Amino acid sequence: MMKKIRVLVVDDSALVRSLLTEIINRQPDMQCIGAANDPLIAREMIRDLDPDVITLDVEMPRMDGIDFLGRLMRLRPMPVVMISTMTAQGAEVTLRALELGAVDFVAKPRIGLANGLRDLATEIVDKVRVAAVAKFRRPLLPAVSPPGTAVVPPASAVRSTNALIGRLSTEKMICIGASTGGTEAIKDILVHMPADSPAIVITQHMPPGFTTSFAARLNSLCQITVKEAVHGERILPGHAYIAPGGKQFRINRSGANYVAVVEEGEPVNRHRPSVEVLFLSCAEMVGRNAYGIMLTGMGNDGARAMREMHDKGSYNYVQDEASCVVFGMPREAIAHGAADEVLPLDKIAPALLAKLGASGDRLHNRI
């Protein structure tokens with residue numbers, strides 16, 4: 001018999017507990033083994049029932065979900081899928097939860113909750129399945145830094161970044177794709193990028209309302225400027241542009257400049273934004289001046305397009321299995337022959353900076 005994923009639901013709303021229990025129990029590979037209306041009850045149920053995955057609300061009585069998650073990850077780490085509200089405050093709290101170790105989140109609607117959750121049933125159970133097989137990773141950086149405090153990269157990274165890289169910045173572009181586990185992985189790349197780095201374009205699978213907070217949080221930590229991409233804006237060196245949730249993001253050219261195209265578009269590989277869309281445009285518009293990076297995530301979004309980038313002359317880095325939360329998208333990129341190097345997460349930025357420095361040296365020698 002199939003071993004079922006045993007799920008504990010933690011939510012102070014009786015309606016949400018009932019709906020999540022119903023959604024989970026309809027799956028042949030899942031079983032809701034309990035539902036708790038606050039974290040203190042959940043603590044006892046975790047001890048007694050030993051669930052495989054927890055779904056966790058943020059706002060609850062006696063102890064909020066973030067405090068509970070922090071204690072859980074210190075004392076008894078286990079896969080957690082957060083149930084968040086689609087508000088600016090909900091986005092901030094959700095990003096904090098991902099820093100603390102939550103595998104993923106589902107953004108529940110504020111209006112029409114019952115129908116909204118039923119519409120999200122496929123997303124909920126897919127994320128529970130991913131959480132059940134996901135790996136835990138310890139944050140490489142402190143979870144909280146004072147606003148406006150940039151993380152100083154290692155001396156080796158600084159040494160590899162010099163005026164020669166600055167000369168390349170207007171032509172070169174770094175293109176990043178990620179999904180589950182990607183918010184922290186992207187941070188681990190961007191905090192090492194110097195202020196004169198080439199432009200960086202990013203697609204992280206994320207719903208509307210969350211990418212604004214994600215970009216602001218990264219901007220407070222990085223030497224480069226991090227922002228949501230805006231339709232028609234010029235793509236500049238020293239900046240990272242994140243695909244807005246619920247939109248497709250691609251690169252175009254206007255004369256000698258790269259520009260952002262942000263549009264509604266249809267979902268691609270079930271995603272909007274889709275890594276496939278961004279990477280295909282990078283292959284076409286940037287070609288051999290592109291550096292591709294595929295990070296942790298479930299599925300195959302972007303794998304074919306990354307191979308297209310490779311065939312057009314880009315140099316591609318793929319995160320290795322050991323450092324991924326989920327090794328789906330990187331595995332597919334490797335299988336498609338898209339990877340030039342497969343590296344642990346903490347080695348990707350140094351390798352990229354060294355590669356950029358070497359390109360700068362070649363340019364200098366030609367001059």
# chains A, B, ... in the order shown; residues from 1 in each chain; ligands from 1
$ select_by_dssp --residues "range 201-278 of chain A" --states "alpha helix (DSSP H)" --output "list in words"
Thr211, Thr212, Ser213, Phe214, Ala215, Ala216, Arg217, Leu218, Asn219, Ser220, Leu221, Val275, Glu276, Val277 and Leu278 of chain A
$ closest_atom_pairs --of "range 165-238 of chain A" --to "range 97-116 of chain A" --cutoff "10 Å" --atoms "only C-alpha atoms" --output "JSON lines"
{"residue": "A:Ser179", "atom": "CA", "partner": "A:Asp104", "partner_atom": "CA", "distance": 9.4}
{"residue": "A:Thr180", "atom": "CA", "partner": "A:Asp104", "partner_atom": "CA", "distance": 6.4}
{"residue": "A:Gly181", "atom": "CA", "partner": "A:Val103", "partner_atom": "CA", "distance": 6.3}
{"residue": "A:Gly182", "atom": "CA", "partner": "A:Leu98", "partner_atom": "CA", "distance": 9.5}
{"residue": "A:Thr183", "atom": "CA", "partner": "A:Leu98", "partner_atom": "CA", "distance": 7.5}
{"residue": "A:Glu184", "atom": "CA", "partner": "A:Glu99", "partner_atom": "CA", "distance": 6.6}
{"residue": "A:Met206", "atom": "CA", "partner": "A:Phe105", "partner_atom": "CA", "distance": 9.4}
{"residue": "A:Pro207", "atom": "CA", "partner": "A:Ala107", "partner_atom": "CA", "distance": 7.6}
{"residue": "A:Pro208", "atom": "CA", "partner": "A:Ala107", "partner_atom": "CA", "distance": 9.3}
{"residue": "A:Gly209", "atom": "CA", "partner": "A:Ala107", "partner_atom": "CA", "distance": 9.4}
{"residue": "A:Phe210", "atom": "CA", "partner": "A:Ala107", "partner_atom": "CA", "distance": 9.2}
$ write_last_selection --atoms "N, CA and C atoms" --output "compact mmCIF listing (two decimals), in the first residue's frame"
# COMPACT_ATOMS: atom_id res chain seq x y z
N SER A 179 12.30 28.51 -7.99
CA SER A 179 10.94 28.27 -7.49
C SER A 179 11.04 27.91 -6.01
N THR A 180 10.57 26.74 -5.61
CA THR A 180 10.54 26.38 -4.19
C THR A 180 11.93 26.44 -3.57
N GLY A 181 12.04 27.22 -2.48
CA GLY A 181 13.33 27.43 -1.83
C GLY A 181 14.13 28.56 -2.45
N GLY A 182 13.58 29.18 -3.49
CA GLY A 182 14.35 30.15 -4.25
C GLY A 182 14.52 31.50 -3.59
N THR A 183 13.61 31.90 -2.72
CA THR A 183 13.75 33.24 -2.13
C THR A 183 15.04 33.37 -1.34
N GLU A 184 15.38 32.35 -0.58
CA GLU A 184 16.63 32.39 0.17
C GLU A 184 17.84 32.14 -0.72
N MET A 206 6.14 33.25 -7.79
CA MET A 206 5.56 33.94 -6.65
C MET A 206 4.27 34.62 -7.09
N PRO A 207 3.23 34.62 -6.25
CA PRO A 207 1.96 35.21 -6.66
C PRO A 207 1.98 36.73 -6.56
N PRO A 208 0.96 37.39 -7.12
CA PRO A 208 0.87 38.85 -7.01
C PRO A 208 0.86 39.29 -5.55
N GLY A 209 1.45 40.46 -5.30
CA GLY A 209 1.43 41.03 -3.96
C GLY A 209 2.63 40.67 -3.10
N PHE A 210 3.43 39.71 -3.53
CA PHE A 210 4.55 39.27 -2.71
C PHE A 210 5.91 39.72 -3.26
$ closest_residue --among "A:Arg47, A:Lys135, A:Arg62, A:Arg129" --to "Val81 in chain A" --atoms "only C-alpha atoms"
A:Arg129
$ residues_around --residues "range 186-203 of chain A" --least-positions-apart "6" --cutoff "6 Å" --atoms "only C-alpha atoms" --output "PyMOL selection string"
chain A and resi 151+153+166+169+172-177+222-224+236-243+275+349
$ write_last_selection --atoms "C-alpha atoms" --output "mmCIF file, in the first residue's frame"
data_model
loop_
_atom_site.group_PDB
_atom_site.id
_atom_site.type_symbol
_atom_site.label_atom_id
_atom_site.label_comp_id
_atom_site.auth_asym_id
_atom_site.auth_seq_id
_atom_site.Cartn_x
_atom_site.Cartn_y
_atom_site.Cartn_z
ATOM 1 C CA VAL A 151 25.967 42.404 3.358
ATOM 2 C CA PRO A 153 30.865 40.014 0.225
ATOM 3 C CA GLY A 166 32.489 47.584 -14.896
ATOM 4 C CA SER A 169 28.454 45.623 -17.375
ATOM 5 C CA LYS A 172 26.641 41.290 -19.982
ATOM 6 C CA MET A 173 23.511 40.116 -18.172
ATOM 7 C CA ILE A 174 22.906 37.557 -15.394
ATOM 8 C CA CYS A 175 19.633 35.629 -15.704
ATOM 9 C CA ILE A 176 18.275 33.718 -12.673
ATOM 10 C CA GLY A 177 15.350 31.284 -12.382
ATOM 11 C CA CYS A 222 22.455 44.109 -1.161
ATOM 12 C CA GLN A 223 25.035 46.458 -2.621
ATOM 13 C CA ILE A 224 23.165 46.444 -5.935
ATOM 14 C CA LEU A 236 20.848 48.884 -16.064
ATOM 15 C CA PRO A 237 24.106 47.534 -14.600
ATOM 16 C CA GLY A 238 24.228 47.423 -10.818
ATOM 17 C CA HIS A 239 20.516 46.565 -10.681
ATOM 18 C CA ALA A 240 18.513 43.371 -10.215
ATOM 19 C CA TYR A 241 14.988 43.180 -11.640
ATOM 20 C CA ILE A 242 12.439 40.715 -10.259
ATOM 21 C CA ALA A 243 9.476 39.515 -12.324
ATOM 22 C CA VAL A 275 11.386 31.092 -16.063
ATOM 23 C CA ALA A 349 28.436 33.644 -6.904
#
$ residues_around --residues "range 323-339 of chain A" --least-positions-apart "4" --cutoff "8 Å" --atoms "only C-alpha atoms" --output "PyMOL selection string"
chain A and resi 103+130+133-137+178+180-181+294-304+306-310+315-319+344-345
$ closest_residue --among "A:Pro244, A:Pro77, A:Pro28, A:Gly90" --to "Lys3 in chain A" --atoms "only C-alpha atoms"
A:Pro28
$ decode --residues "range 323-354 of chain A" --atoms "N, CA and C atoms" --output "compact mmCIF listing (two decimals), in the first residue's frame"
# COMPACT_ATOMS: atom_id res chain seq x y z
N SER A 323 22.54 21.01 -2.23
CA SER A 323 22.21 22.31 -1.65
C SER A 323 20.82 22.81 -2.01
N CYS A 324 20.09 22.05 -2.83
CA CYS A 324 18.73 22.44 -3.22
C CYS A 324 17.70 22.05 -2.16
N VAL A 325 16.70 22.89 -1.97
CA VAL A 325 15.52 22.47 -1.21
C VAL A 325 14.76 21.42 -2.01
N VAL A 326 14.59 21.68 -3.31
CA VAL A 326 13.96 20.74 -4.24
C VAL A 326 14.79 20.73 -5.52
N PHE A 327 15.17 19.54 -5.97
CA PHE A 327 16.11 19.42 -7.09
C PHE A 327 15.38 19.17 -8.42
N GLY A 328 14.20 19.75 -8.60
CA GLY A 328 13.44 19.51 -9.81
C GLY A 328 13.94 20.31 -11.00
N MET A 329 13.83 21.63 -10.93
CA MET A 329 14.25 22.48 -12.05
C MET A 329 15.73 22.34 -12.37
N PRO A 330 16.63 22.31 -11.37
CA PRO A 330 18.04 22.07 -11.71
C PRO A 330 18.27 20.71 -12.37
N ARG A 331 17.60 19.67 -11.88
CA ARG A 331 17.77 18.34 -12.50
C ARG A 331 17.37 18.38 -13.97
N GLU A 332 16.25 19.03 -14.26
CA GLU A 332 15.78 19.09 -15.65
C GLU A 332 16.74 19.90 -16.52
N ALA A 333 17.28 20.97 -15.97
CA ALA A 333 18.25 21.76 -16.74
C ALA A 333 19.48 20.92 -17.09
N ILE A 334 19.95 20.15 -16.13
CA ILE A 334 21.10 19.26 -16.37
C ILE A 334 20.74 18.22 -17.42
N ALA A 335 19.54 17.62 -17.30
CA ALA A 335 19.10 16.59 -18.24
C ALA A 335 18.98 17.14 -19.66
N HIS A 336 18.65 18.43 -19.79
CA HIS A 336 18.54 19.05 -21.11
C HIS A 336 19.90 19.49 -21.66
N GLY A 337 20.97 19.24 -20.93
CA GLY A 337 22.30 19.63 -21.39
C GLY A 337 22.56 21.12 -21.32
N ALA A 338 21.89 21.79 -20.38
CA ALA A 338 21.98 23.25 -20.31
C ALA A 338 23.09 23.75 -19.39
N ALA A 339 23.68 22.88 -18.58
CA ALA A 339 24.61 23.31 -17.53
C ALA A 339 26.06 23.29 -18.01
N ASP A 340 26.76 24.39 -17.78
CA ASP A 340 28.21 24.40 -17.95
C ASP A 340 28.90 23.99 -16.65
N GLU A 341 28.34 24.42 -15.51
CA GLU A 341 28.87 24.02 -14.21
C GLU A 341 27.70 23.71 -13.28
N VAL A 342 27.82 22.65 -12.51
CA VAL A 342 26.86 22.30 -11.46
C VAL A 342 27.58 22.49 -10.13
N LEU A 343 27.08 23.43 -9.32
CA LEU A 343 27.82 23.85 -8.12
C LEU A 343 26.90 23.95 -6.91
N PRO A 344 27.47 23.78 -5.70
CA PRO A 344 26.71 24.11 -4.49
C PRO A 344 26.32 25.58 -4.51
N LEU A 345 25.24 25.91 -3.85
CA LEU A 345 24.74 27.29 -3.87
C LEU A 345 25.82 28.30 -3.48
N ASP A 346 26.58 27.99 -2.41
CA ASP A 346 27.55 28.98 -1.92
C ASP A 346 28.77 29.14 -2.83
N LYS A 347 28.87 28.32 -3.88
CA LYS A 347 30.00 28.43 -4.82
C LYS A 347 29.61 29.16 -6.10
N ILE A 348 28.31 29.38 -6.32
CA ILE A 348 27.88 29.94 -7.61
C ILE A 348 28.33 31.38 -7.77
N ALA A 349 28.05 32.23 -6.78
CA ALA A 349 28.44 33.64 -6.90
C ALA A 349 29.95 33.82 -7.05
N PRO A 350 30.78 33.17 -6.23
CA PRO A 350 32.23 33.30 -6.43
C PRO A 350 32.69 32.85 -7.81
N ALA A 351 32.10 31.74 -8.31
CA ALA A 351 32.48 31.25 -9.64
C ALA A 351 32.08 32.25 -10.71
N LEU A 352 30.90 32.82 -10.58
CA LEU A 352 30.43 33.81 -11.54
C LEU A 352 31.32 35.05 -11.54
N LEU A 353 31.65 35.54 -10.34
CA LEU A 353 32.51 36.72 -10.24
C LEU A 353 33.89 36.45 -10.84
N ALA A 354 34.41 35.25 -10.61
CA ALA A 354 35.70 34.90 -11.19
C ALA A 354 35.62 34.86 -12.71
